[in-house]
Each structure stands twice: as C-alpha cells, then as structure tokens.
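Undergrad: Sharing upload.cif (mmCIF, C-alpha atoms, pLDDT in the B column; chains and numbers go by the auth columns) below.
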```cif
data_start
#
loop_
_atom_site.group_PDB
_atom_site.id
_atom_site.type_symbol
_atom_site.label_atom_id
_atom_site.label_comp_id
_atom_site.label_asym_id
_atom_site.label_seq_id
_atom_site.Cartn_x
_atom_site.Cartn_y
_atom_site.Cartn_z
_atom_site.B_iso_or_equiv
_atom_site.auth_seq_id
_atom_site.auth_asym_id
ATOM 1 C CA MET A 1 97.265 188.245 99.109 65.00 940 A
ATOM 2 C CA PRO A 2 96.301 190.802 101.789 73.00 941 A
ATOM 3 C CA ASP A 3 93.559 189.778 104.201 79.00 942 A
ATOM 4 C CA PRO A 4 90.959 192.595 104.280 81.00 943 A
ATOM 5 C CA GLN A 5 89.985 191.613 107.826 88.00 944 A
ATOM 6 C CA LEU A 6 93.525 191.690 109.222 91.00 945 A
ATOM 7 C CA LEU A 7 95.472 194.865 108.453 90.00 946 A
ATOM 8 C CA SER A 8 99.242 194.641 108.414 90.00 947 A
ATOM 9 C CA PRO A 9 100.900 197.095 110.817 89.00 948 A
ATOM 10 C CA ARG A 10 102.260 199.182 107.945 86.00 949 A
ATOM 11 C CA HIS A 11 98.828 199.335 106.327 86.00 950 A
ATOM 12 C CA ALA A 12 97.180 200.160 109.663 83.00 951 A
ATOM 13 C CA LEU A 13 99.619 203.000 110.211 80.00 952 A
ATOM 14 C CA SER A 14 99.193 204.412 106.718 78.00 953 A
ATOM 15 C CA GLY A 15 95.432 204.533 107.150 64.00 954 A
ATOM 16 C CA SER A 16 95.443 205.907 110.672 58.00 955 A
ATOM 17 C CA ASP A 17 94.396 209.445 111.374 49.00 956 A
ATOM 18 C CA ARG A 18 96.563 209.398 114.481 54.00 957 A
ATOM 19 C CA THR A 19 100.302 209.729 114.191 58.00 958 A
ATOM 20 C CA LEU A 20 101.874 206.333 114.022 59.00 959 A
ATOM 21 C CA VAL A 21 103.884 206.596 117.207 64.00 960 A
ATOM 22 C CA ASP A 22 100.796 207.760 119.104 65.00 961 A
ATOM 23 C CA LEU A 23 99.167 204.511 118.063 63.00 962 A
ATOM 24 C CA VAL A 24 102.068 202.585 119.505 66.00 963 A
ATOM 25 C CA ASP A 25 101.876 204.617 122.689 65.00 964 A
ATOM 26 C CA ARG A 26 98.282 203.491 123.137 64.00 965 A
ATOM 27 C CA VAL A 27 99.500 199.928 122.899 60.00 966 A
ATOM 28 C CA LEU A 28 102.269 200.635 125.347 58.00 967 A
ATOM 29 C CA ASP A 29 99.686 201.487 127.926 52.00 968 A
ATOM 30 C CA ARG A 30 101.866 204.211 129.401 53.00 969 A
ATOM 31 C CA GLY A 31 100.038 206.782 131.417 56.00 970 A
ATOM 32 C CA CYS A 32 96.369 206.443 132.052 61.00 971 A
ATOM 33 C CA VAL A 33 93.283 208.432 132.853 64.00 972 A
ATOM 34 C CA ILE A 34 91.273 207.467 135.913 69.00 973 A
ATOM 35 C CA GLU A 35 87.693 208.471 135.456 71.00 974 A
ATOM 36 C CA GLY A 36 84.907 208.287 137.967 77.00 975 A
ATOM 37 C CA GLU A 37 81.265 209.167 137.739 77.00 976 A
ATOM 38 C CA LEU A 38 78.714 209.348 140.518 79.00 977 A
ATOM 39 C CA TRP A 39 74.970 209.679 140.272 78.00 978 A
ATOM 40 C CA LEU A 40 73.012 210.621 143.379 79.00 979 A
ATOM 41 C CA THR A 41 69.587 209.121 142.993 79.00 980 A
ATOM 42 C CA VAL A 42 66.541 209.376 145.238 79.00 981 A
ATOM 43 C CA ALA A 43 63.471 207.228 144.627 78.00 982 A
ATOM 44 C CA GLY A 44 64.722 206.336 141.167 74.00 983 A
ATOM 45 C CA ILE A 45 65.234 209.968 140.150 76.00 984 A
ATOM 46 C CA ASP A 46 68.731 211.104 139.205 72.00 985 A
ATOM 47 C CA LEU A 47 69.374 214.284 141.190 78.00 986 A
ATOM 48 C CA VAL A 48 73.084 214.992 141.053 80.00 987 A
ATOM 49 C CA TYR A 49 75.812 213.938 138.645 79.00 988 A
ATOM 50 C CA LEU A 50 79.475 214.201 139.651 81.00 989 A
ATOM 51 C CA GLY A 51 82.224 213.532 137.098 79.00 990 A
ATOM 52 C CA LEU A 52 85.906 213.229 138.053 78.00 991 A
ATOM 53 C CA LYS A 53 88.909 212.698 135.838 73.00 992 A
ATOM 54 C CA ALA A 54 92.529 212.277 136.974 72.00 993 A
ATOM 55 C CA VAL A 55 95.519 211.846 134.699 68.00 994 A
ATOM 56 C CA LEU A 56 98.192 209.494 135.999 65.00 995 A
ATOM 57 C CA THR A 57 101.479 209.946 134.180 63.00 996 A
ATOM 58 C CA THR A 58 105.088 210.985 134.621 61.00 997 A
ATOM 59 C CA PRO A 59 106.025 214.683 134.652 60.00 998 A
ATOM 60 C CA ASP A 60 108.330 213.989 131.714 60.00 999 A
ATOM 61 C CA ARG A 61 105.526 212.569 129.626 60.00 1000 A
ATOM 62 C CA LEU A 62 103.163 215.363 130.617 59.00 1001 A
ATOM 63 C CA LEU A 63 105.666 218.040 129.577 60.00 1002 A
ATOM 64 C CA ARG A 64 106.302 216.301 126.265 57.00 1003 A
ATOM 65 C CA GLY A 65 102.578 216.243 125.627 54.00 1004 A
ATOM 66 C CA GLU A 66 102.403 220.003 126.102 50.00 1005 A
ATOM 67 C CA ALA A 67 105.288 220.686 123.757 45.00 1006 A
ATOM 68 C CA MET B 1 123.095 205.222 119.318 90.00 1372 B
ATOM 69 C CA ILE B 2 119.622 204.209 120.463 93.00 1373 B
ATOM 70 C CA ALA B 3 118.514 200.697 121.426 94.00 1374 B
ATOM 71 C CA VAL B 4 115.450 199.411 119.587 94.00 1375 B
ATOM 72 C CA GLY B 5 115.011 195.914 121.017 95.00 1376 B
ATOM 73 C CA LEU B 6 116.364 192.481 121.801 96.00 1377 B
ATOM 74 C CA CYS B 7 116.628 189.206 119.936 96.00 1378 B
ATOM 75 C CA ARG B 8 118.617 185.987 120.189 96.00 1379 B
ATOM 76 C CA ALA B 9 122.258 186.542 119.281 95.00 1380 B
ATOM 77 C CA GLU B 10 122.242 183.876 116.585 95.00 1381 B
ATOM 78 C CA GLU B 11 119.336 185.543 114.767 94.00 1382 B
ATOM 79 C CA ALA B 12 120.584 189.142 114.717 93.00 1383 B
ATOM 80 C CA GLY B 13 122.122 188.755 111.254 88.00 1384 B
ATOM 81 C CA GLU B 14 122.225 192.016 109.329 88.00 1385 B
ATOM 82 C CA PHE B 15 120.733 194.176 112.071 93.00 1386 B
ATOM 83 C CA ASP B 16 123.200 196.481 113.792 93.00 1387 B
ATOM 84 C CA HIS B 17 123.687 194.969 117.228 95.00 1388 B
ATOM 85 C CA VAL B 18 125.909 194.358 120.219 94.00 1389 B
ATOM 86 C CA GLN B 19 125.962 190.950 121.835 94.00 1390 B
ATOM 87 C CA THR B 20 125.289 190.525 125.546 91.00 1391 B
ATOM 88 C CA GLY B 21 125.551 186.859 126.454 92.00 1392 B
ATOM 89 C CA PRO B 22 122.986 184.915 124.417 95.00 1393 B
ATOM 90 C CA LEU B 23 121.138 188.123 123.510 96.00 1394 B
ATOM 91 C CA ALA B 24 121.667 190.697 120.793 96.00 1395 B
ATOM 92 C CA LEU B 25 120.728 194.291 121.484 95.00 1396 B
ATOM 93 C CA LEU B 26 119.633 195.923 118.237 96.00 1397 B
ATOM 94 C CA TRP B 27 120.433 199.584 117.801 94.00 1398 B
ATOM 95 C CA GLN B 28 120.341 202.306 115.237 91.00 1399 B
ATOM 96 C CA PRO B 29 121.876 205.752 114.918 90.00 1400 B
ATOM 97 C CA ASP B 30 119.966 208.597 116.529 83.00 1401 B
ATOM 98 C CA GLY B 31 116.828 209.199 114.530 82.00 1402 B
ATOM 99 C CA THR B 32 113.158 209.931 114.911 85.00 1403 B
ATOM 100 C CA ASP B 33 110.537 207.904 116.756 84.00 1404 B
ATOM 101 C CA THR B 34 109.205 206.905 113.359 86.00 1405 B
ATOM 102 C CA ASP B 35 112.604 205.568 112.276 88.00 1406 B
ATOM 103 C CA ARG B 36 112.744 203.403 115.400 90.00 1407 B
ATOM 104 C CA LEU B 37 109.192 202.162 114.890 90.00 1408 B
ATOM 105 C CA ASP B 38 110.095 201.235 111.329 91.00 1409 B
ATOM 106 C CA ARG B 39 113.122 199.293 112.568 92.00 1410 B
ATOM 107 C CA CYS B 40 110.937 197.483 115.122 94.00 1411 B
ATOM 108 C CA LEU B 41 108.495 196.462 112.391 94.00 1412 B
ATOM 109 C CA ALA B 42 111.350 195.154 110.242 94.00 1413 B
ATOM 110 C CA ALA B 43 112.743 193.170 113.175 95.00 1414 B
ATOM 111 C CA GLN B 44 109.326 191.694 113.928 95.00 1415 B
ATOM 112 C CA GLU B 45 108.954 190.655 110.284 94.00 1416 B
ATOM 113 C CA GLN B 46 112.396 189.096 109.974 95.00 1417 B
ATOM 114 C CA LEU B 47 113.315 187.633 113.363 95.00 1418 B
ATOM 115 C CA GLY B 48 112.000 184.534 115.068 92.00 1419 B
ATOM 116 C CA ALA B 49 111.591 186.357 118.380 96.00 1420 B
ATOM 117 C CA PHE B 50 111.859 190.081 119.036 96.00 1421 B
ATOM 118 C CA LEU B 51 111.383 192.069 122.244 96.00 1422 B
ATOM 119 C CA PRO B 52 110.966 195.758 121.339 95.00 1423 B
ATOM 120 C CA PHE B 53 111.622 198.915 123.299 92.00 1424 B
ATOM 121 C CA SER B 54 109.148 201.766 123.041 87.00 1425 B
ATOM 122 C CA PRO B 55 110.174 203.886 120.029 86.00 1426 B
ATOM 123 C CA ARG B 56 109.486 207.047 122.027 83.00 1427 B
ATOM 124 C CA GLN B 57 111.205 205.995 125.222 83.00 1428 B
ATOM 125 C CA ALA B 58 114.019 203.910 123.790 85.00 1429 B
ATOM 126 C CA PRO B 59 117.162 204.045 125.931 89.00 1430 B
ATOM 127 C CA LYS B 60 120.661 204.933 124.826 92.00 1431 B
ATOM 128 C CA LEU B 61 122.711 201.892 123.905 92.00 1432 B
ATOM 129 C CA ALA B 62 125.027 202.050 126.939 92.00 1433 B
ATOM 130 C CA ALA B 63 122.125 202.433 129.373 93.00 1434 B
ATOM 131 C CA ALA B 64 120.287 199.541 127.734 93.00 1435 B
ATOM 132 C CA CYS B 65 123.346 197.280 128.060 93.00 1436 B
ATOM 133 C CA ASP B 66 123.641 198.126 131.757 92.00 1437 B
ATOM 134 C CA TRP B 67 119.939 197.340 132.267 91.00 1438 B
ATOM 135 C CA ILE B 68 120.106 194.042 130.380 93.00 1439 B
ATOM 136 C CA ARG B 69 123.187 192.481 131.990 92.00 1440 B
ATOM 137 C CA PRO B 70 121.628 191.531 135.353 93.00 1441 B
ATOM 138 C CA ARG B 71 118.387 190.438 133.649 94.00 1442 B
ATOM 139 C CA ILE B 72 119.675 188.145 130.904 95.00 1443 B
ATOM 140 C CA ALA B 73 117.911 185.020 132.197 95.00 1444 B
ATOM 141 C CA ALA B 74 114.499 186.720 132.429 95.00 1445 B
ATOM 142 C CA LEU B 75 114.889 188.381 129.039 96.00 1446 B
ATOM 143 C CA SER B 76 115.953 185.102 127.421 96.00 1447 B
ATOM 144 C CA ALA B 77 112.852 183.444 128.848 96.00 1448 B
ATOM 145 C CA ALA B 78 110.737 186.293 127.464 96.00 1449 B
ATOM 146 C CA LEU B 79 112.195 185.734 124.001 96.00 1450 B
ATOM 147 C CA ASP B 80 111.277 182.046 124.317 96.00 1451 B
ATOM 148 C CA ASP B 81 107.692 183.127 125.097 94.00 1452 B
ATOM 149 C CA LEU B 82 107.623 185.441 122.111 96.00 1453 B
ATOM 150 C CA ALA B 83 109.062 182.958 119.597 96.00 1454 B
ATOM 151 C CA GLY B 84 106.835 182.789 116.544 94.00 1455 B
ATOM 152 C CA GLN B 85 104.326 185.242 117.985 95.00 1456 B
ATOM 153 C CA GLY B 86 103.312 188.841 117.478 95.00 1457 B
ATOM 154 C CA GLU B 87 100.734 191.131 118.998 95.00 1458 B
ATOM 155 C CA MET B 88 97.302 191.483 117.462 95.00 1459 B
ATOM 156 C CA LEU B 89 95.583 194.810 118.087 93.00 1460 B
ATOM 157 C CA VAL B 90 91.789 194.938 118.104 93.00 1461 B
ATOM 158 C CA THR B 91 89.919 198.228 118.069 90.00 1462 B
ATOM 159 C CA LEU B 92 86.161 198.450 118.521 88.00 1463 B
ATOM 160 C CA GLN B 93 84.713 201.849 117.700 85.00 1464 B
ATOM 161 C CA PRO B 94 81.005 202.616 118.101 79.00 1465 B
ATOM 162 C CA ASP B 95 79.462 203.962 114.936 75.00 1466 B
ATOM 163 C CA THR B 96 78.158 207.380 115.985 67.00 1467 B
ATOM 164 C CA THR B 97 76.879 208.459 112.586 57.00 1468 B
ATOM 165 C CA GLY B 98 73.180 209.103 112.801 52.00 1469 B
ATOM 166 C CA SER B 99 73.247 209.539 116.558 57.00 1470 B
ATOM 167 C CA GLY B 100 71.764 213.002 116.167 55.00 1471 B
ATOM 168 C CA PRO B 101 72.927 216.460 117.185 59.00 1472 B
ATOM 169 C CA PRO B 102 74.940 217.054 120.363 63.00 1473 B
ATOM 170 C CA SER B 103 72.809 217.004 123.511 62.00 1474 B
ATOM 171 C CA SER B 104 71.203 220.356 124.203 69.00 1475 B
ATOM 172 C CA SER B 105 70.382 219.885 127.878 74.00 1476 B
ATOM 173 C CA GLY B 106 71.951 218.357 130.934 73.00 1477 B
ATOM 174 C CA ARG B 107 69.363 215.616 130.987 75.00 1478 B
ATOM 175 C CA ASP B 108 70.095 214.698 127.363 78.00 1479 B
ATOM 176 C CA TRP B 109 73.798 214.760 128.112 76.00 1480 B
ATOM 177 C CA LEU B 110 73.369 212.396 131.070 76.00 1481 B
ATOM 178 C CA ARG B 111 71.178 210.098 129.028 79.00 1482 B
ATOM 179 C CA GLU B 112 73.813 209.961 126.282 80.00 1483 B
ATOM 180 C CA ARG B 113 76.529 209.381 128.893 79.00 1484 B
ATOM 181 C CA THR B 114 74.600 206.449 130.338 81.00 1485 B
ATOM 182 C CA LEU B 115 74.296 204.950 126.869 82.00 1486 B
ATOM 183 C CA GLN B 116 78.020 205.417 126.310 81.00 1487 B
ATOM 184 C CA HIS B 117 78.744 203.550 129.557 81.00 1488 B
ATOM 185 C CA ALA B 118 76.489 200.689 128.497 83.00 1489 B
ATOM 186 C CA ARG B 119 78.103 200.527 125.035 82.00 1490 B
ATOM 187 C CA LEU B 120 81.578 200.528 126.588 84.00 1491 B
ATOM 188 C CA ARG B 121 80.731 197.652 128.949 86.00 1492 B
ATOM 189 C CA ALA B 122 79.160 195.674 126.105 84.00 1493 B
ATOM 190 C CA MET B 123 82.227 196.100 123.888 85.00 1494 B
ATOM 191 C CA GLN B 124 84.625 195.154 126.688 87.00 1495 B
ATOM 192 C CA ASP B 125 82.554 192.061 127.526 88.00 1496 B
ATOM 193 C CA CYS B 126 82.505 191.157 123.848 85.00 1497 B
ATOM 194 C CA LEU B 127 86.320 191.349 123.627 87.00 1498 B
ATOM 195 C CA ARG B 128 86.790 189.346 126.824 88.00 1499 B
ATOM 196 C CA ASP B 129 84.509 186.615 125.475 87.00 1500 B
ATOM 197 C CA LEU B 130 86.105 186.483 122.045 85.00 1501 B
ATOM 198 C CA LEU B 131 89.724 186.913 123.086 87.00 1502 B
ATOM 199 C CA PRO B 132 90.381 185.257 126.447 86.00 1503 B
ATOM 200 C CA GLY B 133 93.717 186.462 127.775 85.00 1504 B
ATOM 201 C CA ALA B 134 93.627 189.717 125.847 88.00 1505 B
ATOM 202 C CA HIS B 135 94.935 192.832 127.561 88.00 1506 B
ATOM 203 C CA LEU B 136 92.377 195.637 127.429 88.00 1507 B
ATOM 204 C CA LEU B 137 93.893 199.097 127.195 84.00 1508 B
ATOM 205 C CA PRO B 138 92.528 201.900 129.383 79.00 1509 B
ATOM 206 C CA THR B 139 89.687 203.773 127.734 80.00 1510 B
ATOM 207 C CA SER B 140 86.646 205.851 128.589 77.00 1511 B
ATOM 208 C CA PRO B 141 82.996 206.006 127.527 78.00 1512 B
ATOM 209 C CA GLY B 142 82.671 207.274 123.973 76.00 1513 B
ATOM 210 C CA ALA B 143 86.245 206.306 123.087 80.00 1514 B
ATOM 211 C CA PRO B 144 87.315 203.202 121.153 86.00 1515 B
ATOM 212 C CA VAL B 145 87.951 199.983 123.064 88.00 1516 B
ATOM 213 C CA GLU B 146 91.345 198.498 122.276 89.00 1517 B
ATOM 214 C CA ALA B 147 92.920 195.192 123.260 91.00 1518 B
ATOM 215 C CA THR B 148 96.133 193.363 122.470 92.00 1519 B
ATOM 216 C CA VAL B 149 96.813 189.646 122.515 93.00 1520 B
ATOM 217 C CA LEU B 150 99.905 187.589 121.687 94.00 1521 B
ATOM 218 C CA LEU B 151 99.322 185.116 118.873 93.00 1522 B
ATOM 219 C CA PRO B 152 101.158 183.290 116.094 95.00 1523 B
ATOM 220 C CA PRO B 153 100.600 185.328 112.898 92.00 1524 B
ATOM 221 C CA ASP B 154 98.837 182.424 111.169 92.00 1525 B
ATOM 222 C CA LEU B 155 96.164 182.347 113.868 93.00 1526 B
ATOM 223 C CA MET B 156 95.501 186.074 113.562 94.00 1527 B
ATOM 224 C CA HIS B 157 93.641 185.628 110.278 93.00 1528 B
ATOM 225 C CA SER B 158 91.116 183.214 111.765 92.00 1529 B
ATOM 226 C CA HIS B 159 90.725 185.360 114.882 91.00 1530 B
ATOM 227 C CA ALA B 160 90.185 188.433 112.717 93.00 1531 B
ATOM 228 C CA ARG B 161 87.419 186.657 110.798 93.00 1532 B
ATOM 229 C CA THR B 162 85.795 185.527 114.051 90.00 1533 B
ATOM 230 C CA LEU B 163 85.961 189.033 115.512 90.00 1534 B
ATOM 231 C CA HIS B 164 84.451 190.644 112.428 91.00 1535 B
ATOM 232 C CA ALA B 165 81.666 188.068 112.350 90.00 1536 B
ATOM 233 C CA ALA B 166 80.858 188.461 116.058 86.00 1537 B
ATOM 234 C CA CYS B 167 81.231 192.234 116.206 84.00 1538 B
ATOM 235 C CA PRO B 168 78.033 193.795 117.602 77.00 1539 B
ATOM 236 C CA GLU B 169 75.862 195.739 115.183 81.00 1540 B
ATOM 237 C CA GLY B 170 76.724 199.433 115.108 80.00 1541 B
ATOM 238 C CA VAL B 171 80.334 198.835 116.101 84.00 1542 B
ATOM 239 C CA ASP B 172 83.256 199.208 113.714 88.00 1543 B
ATOM 240 C CA CYS B 173 85.835 196.440 114.200 90.00 1544 B
ATOM 241 C CA ARG B 174 89.441 196.953 113.171 91.00 1545 B
ATOM 242 C CA VAL B 175 92.045 194.206 113.592 94.00 1546 B
ATOM 243 C CA SER B 176 95.734 194.584 112.811 94.00 1547 B
ATOM 244 C CA GLY B 177 98.921 192.618 113.308 90.00 1548 B
ATOM 245 C CA PRO B 178 101.352 191.071 113.774 95.00 1549 B
ATOM 246 C CA TRP B 179 102.826 194.001 115.715 95.00 1550 B
ATOM 247 C CA PRO B 180 106.049 193.843 117.698 95.00 1551 B
ATOM 248 C CA ALA B 181 105.081 192.873 121.236 95.00 1552 B
ATOM 249 C CA PHE B 182 104.993 196.434 122.580 92.00 1553 B
ATOM 250 C CA GLY B 183 102.359 195.714 125.219 88.00 1554 B
ATOM 251 C CA TYR B 184 104.085 192.545 126.410 90.00 1555 B
ATOM 252 C CA ALA B 185 107.452 194.332 126.516 91.00 1556 B
ATOM 253 C CA ALA B 186 106.078 197.309 128.454 87.00 1557 B
ATOM 254 C CA ALA B 187 104.604 195.014 131.100 86.00 1558 B
ATOM 255 C CA LEU B 188 107.786 192.936 131.255 90.00 1559 B
ATOM 256 C CA THR B 189 110.173 195.868 131.584 85.00 1560 B
ATOM 257 C CA ALA B 190 107.990 197.425 134.265 83.00 1561 B
ATOM 258 C CA ARG B 191 108.040 194.138 136.178 84.00 1562 B
ATOM 259 C CA LEU B 192 111.801 193.680 135.806 86.00 1563 B
ATOM 260 C CA THR B 193 112.510 197.268 136.823 80.00 1564 B
ATOM 261 C CA GLU B 194 110.383 197.244 139.971 71.00 1565 B
ATOM 262 C CA PRO B 195 112.464 197.671 143.124 64.00 1566 B
ATOM 263 C CA THR B 196 112.731 194.429 145.068 56.00 1567 B
#
```
Take the structure in the file and give it back as structure tokens.
TA:
Amino acid sequence: MPDPQLLSPRHALSGSDRTLVDLVDRVLDRGCVIEGELWLTVAGIDLVYLGLKAVLTTPDRLLRGEA
Amino acid sequence: MIAVGLCRAEEAGEFDHVQTGPLALLWQPDGTDTDRLDRCLAAQEQLGAFLPFSPRQAPKLAAACDWIRPRIAALSAALDDLAGQGEMLVTLQPDTTGSGPPSSSGRDWLRERTLQHARLRAMQDCLRDLLPGAHLLPTSPGAPVEATVLLPPDLMHSHARTLHAACPEGVDCRVSGPWPAFGYAAALTARLTEPT
C-alpha cells in the first residue's frame, strides 16, 4: 500500500510541475548559482543594499538552457 | 547506444549490457532523456546495487567503457556502498499563500528578503538536524530547500514520517524515494575524473 508521506519516484515525477529530467538535474547538483547580498548599515539603519548573482556552469550547459 | 549506469555483472540479467570485469555497463538504444530516466528507475527497482549516469549527460557506450576500465576497483567499491540503498529526496517549500501582495517599496522588498533569508537558514538547519549526513543542494532565499541522503528503502518510510512530524509550521514537506543514487554518482564521477 502506498505511503502518503513517502512518494515513489514515479509518483513524484507524475505530480511535479517541473519536467522530470529537470528534477533529476537538481539532484545532480550540476551548475550552481552563487549569490551574495550586502547591507551597508550605519547606527543600526540599513542604508545600502547590494545584491550579486553569478551563474557557475559549463558553456555547453548554458547553451542548452537557452535552446 | 547510450550508457545508463553500472551494476554488478552477475545481477545484470535482462538489462542490455556489456561486461567490463566484474561490472556490467547497462545501455539502451539512442532515445530521449526521459527514456534513460525510466531505465534508471527500473534498474534501481530491480537491481541490488545500481550506479546511474545522468540521463541528460549520459555518455556513449564506447566512451563509457573507456572511462570505466581504469576505474573498476573504485566503481566496484561504490557499488558495494550502494548495495540495498537508494537516495531519498527531501524538499521543504515555504507556504507563501497569504503572504500578501508583492512588496511595493524598496524597504518592503528588503524586509521580505530578510525574512526569506531567515526562513532559508531555519529550513536548512532543520534538515541538518533531522538528516545528519544529508547533502543539501544549492538554493537561494525564496526557493525550496532540497537535500538527498542515501538510505535503505525500508528506512525511508520512518524517516519520512519523522520529517513530516518535525516540519516547521508554514513549510510544505515533500519526501520521495528510493531514487537511483544520482547525487552520489555525480559526486563520485567528478572525484574519479579529477586530474591527479
């Protein structure tokens, strides 16, 4: 009998709103986004916020993502 | 022909394969990523130990054979590690319903961002406490937190119950498995391919 608290992979894939191979790619941990955030604060007052995001991946993967 | 993964030669049975020493390299005719994922799931269900390749980045059969030959001992040891185990995938997703309209000012946006950071840290701490040894996948504030851990399938049910019971309020917990050991295999192949 299926366990409602543990989805089988096939059930998880059928109910996913992402494509199934994208889900696997998340698990594969290939390519990552490095994100940094910086708050400049004076006397407890946030003055400046700086957000940075860098994508670390292979050119091949990047081009496939654009296709 | 595309390689889909490795198992022990004596277990390959009905799967299309070529033998390389004590290992069997499973393959299938050229097909889609989905076909290869389906074959990986079948292998995980039927074999005692299975080391998958990424369905999207699976190598051609000849290239896979060349890669395996000098690494047979390490790959055999990996199959020993994987025997009787699969990967459990845990996803924690903050419930954002009722969080109100999108922020209308920079200050509101920063306030929401700070809350997202705090929620992310809390969910990651929660997973580390509940699943020691789990591998947390890269994520960012506002996105789901995902982790994988190798476990025998029987233990996954009790872990799933524990995770659901301990899941913080306002967080949706989703647990699935046993998956082929994609995360383990990715880390292993990266390690074995590193230049020495």
Undergrad: Chain B near chain A within 10 Å: what's each residue's closest atom pair and its distance in Å to one decimal, counting only C-alpha atoms, ordered by chain then ascending residue number, as a tab-separated table?
TA:
```
residue	atom	partner	partner_atom	distance
B:Asp1404	CA	A:Val960	CA	6.8
B:Thr1405	CA	A:Val960	CA	6.6
B:Arg1407	CA	A:Val960	CA	9.6
B:Leu1408	CA	A:Val960	CA	7.3
B:Asp1409	CA	A:Arg949	CA	8.8
B:Leu1412	CA	A:Pro948	CA	7.8
B:Phe1424	CA	A:Leu967	CA	9.7
B:Ser1425	CA	A:Leu967	CA	7.3
B:Pro1426	CA	A:Val960	CA	7.4
B:Arg1427	CA	A:Val960	CA	7.4
B:Gln1428	CA	A:Arg1000	CA	9.7
B:Glu1458	CA	A:Val966	CA	9.7
B:Met1459	CA	A:Leu945	CA	9.1
B:Leu1460	CA	A:Val966	CA	8.0
B:Val1461	CA	A:Leu945	CA	9.6
B:Gly1477	CA	A:Tyr988	CA	9.7
B:Arg1478	CA	A:Asp985	CA	9.4
B:Leu1481	CA	A:Tyr988	CA	8.1
B:His1506	CA	A:Val966	CA	9.6
B:Leu1507	CA	A:Asp968	CA	9.4
B:Leu1508	CA	A:Asp968	CA	6.3
B:Pro1509	CA	A:Cys971	CA	6.5
B:Thr1510	CA	A:Val972	CA	7.8
B:Ser1511	CA	A:Glu974	CA	7.4
B:Pro1512	CA	A:Glu974	CA	9.5
B:Glu1517	CA	A:Val966	CA	8.3
B:Ala1518	CA	A:Val966	CA	8.1
B:Thr1519	CA	A:Val966	CA	7.4
B:Met1527	CA	A:Leu945	CA	7.4
B:His1528	CA	A:Leu945	CA	6.2
B:Ser1529	CA	A:Leu945	CA	9.2
B:His1530	CA	A:Leu945	CA	8.9
B:Ala1531	CA	A:Leu945	CA	5.8
B:Arg1532	CA	A:Gln944	CA	6.3
B:Thr1533	CA	A:Gln944	CA	9.7
B:Leu1534	CA	A:Gln944	CA	9.1
B:His1535	CA	A:Gln944	CA	7.3
B:Cys1544	CA	A:Gln944	CA	9.0
B:Arg1545	CA	A:Gln944	CA	7.6
B:Val1546	CA	A:Leu945	CA	5.3
B:Ser1547	CA	A:Leu946	CA	4.4
B:Gly1548	CA	A:Ser947	CA	5.3
B:Pro1549	CA	A:Pro948	CA	6.7
B:Trp1550	CA	A:Pro948	CA	6.1
B:Pro1551	CA	A:Pro948	CA	9.2
B:Ala1552	CA	A:Val966	CA	9.1
B:Phe1553	CA	A:Leu967	CA	5.7
B:Gly1554	CA	A:Leu967	CA	4.9
B:Tyr1555	CA	A:Leu967	CA	8.4
B:Ala1556	CA	A:Leu967	CA	8.2
B:Ala1557	CA	A:Leu967	CA	5.9
B:Ala1558	CA	A:Leu967	CA	8.4
```
Undergrad: Would you mind reading off the distance between atom CA of Ser1447 of chain B and atom CA of Gly1392 of chain B, one decimal, in Å?
TA: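 If I compute the distance from atom CA of Ser1447 of chain B to atom CA of Gly1392 of chain B, I get 9.8 Å.
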Undergrad: Step by step, work through what the PyMOL selection byres ((chain B and resi 1455) around 7) selects in the shown file, and finish by giving those residues as JSON, numbers by chain.
TA: {"B": [1419, 1420, 1453, 1454, 1456, 1523]}
Undergrad: Just how far from atom CA of Thr1560 of chain B is atom CA of Ala1449 of chain B, in Å to one decimal?
TA: 10.4 Å
Undergrad: Here's the selection I'm unsure about, the PyMOL selection byres ((chain B and resi 1493) around 12); applied to the file above, which residues does it give, as a PyMOL selection string?
TA: chain B and resi 1463-1465+1486-1492+1494-1500+1512+1516+1538-1542
Undergrad: If you apply the PyMOL selection byres ((chain A and resi 976) around 6) to this file, what residues do you get, as a VMD selection string?
TA: chain A and resid 975 977 989 to 990
Undergrad: For the selection you just gave me, I'd like the residues written to a file as a tab-separated table (two decimals), in the frame of the given file, keeping C-alpha atoms.
TA:
```tsv
chain	number	residue	atom	x	y	z
A	975	GLY	CA	84.91	208.29	137.97
A	977	LEU	CA	78.71	209.35	140.52
A	989	LEU	CA	79.47	214.20	139.65
A	990	GLY	CA	82.22	213.53	137.10
```
Undergrad: Give me, please, the distance in Å between atom CA of Ala1413 of chain B and atom CA of His1388 of chain B, quoted to one decimal.
TA: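 These two atoms are separated by 14.2 Å.
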Undergrad: Tell me which protein, DNA and RNA residues are within 9 Å of Thr1391 of chain B, counting only C-alpha atoms, leaving out same-chain ones fewer than 5 positions away, and put them as a PyMOL selection string.
TA: chain B and resi 1380+1396+1436+1439-1440+1443
Undergrad: Could you dump the residues just selected with C-alpha atoms as a PDB file, keeping the file's coordinate frame?
TA:
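Written output follows (selection-v8.pdb):
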```
ATOM      1  CA  ALA B1380     122.258 186.542 119.281  1.00 95.00           C
ATOM      2  CA  LEU B1396     120.728 194.291 121.484  1.00 95.00           C
ATOM      3  CA  CYS B1436     123.346 197.280 128.060  1.00 93.00           C
ATOM      4  CA  ILE B1439     120.106 194.042 130.380  1.00 93.00           C
ATOM      5  CA  ARG B1440     123.187 192.481 131.990  1.00 92.00           C
ATOM      6  CA  ILE B1443     119.675 188.145 130.904  1.00 95.00           C
TER       7      ILE B1443
END
```
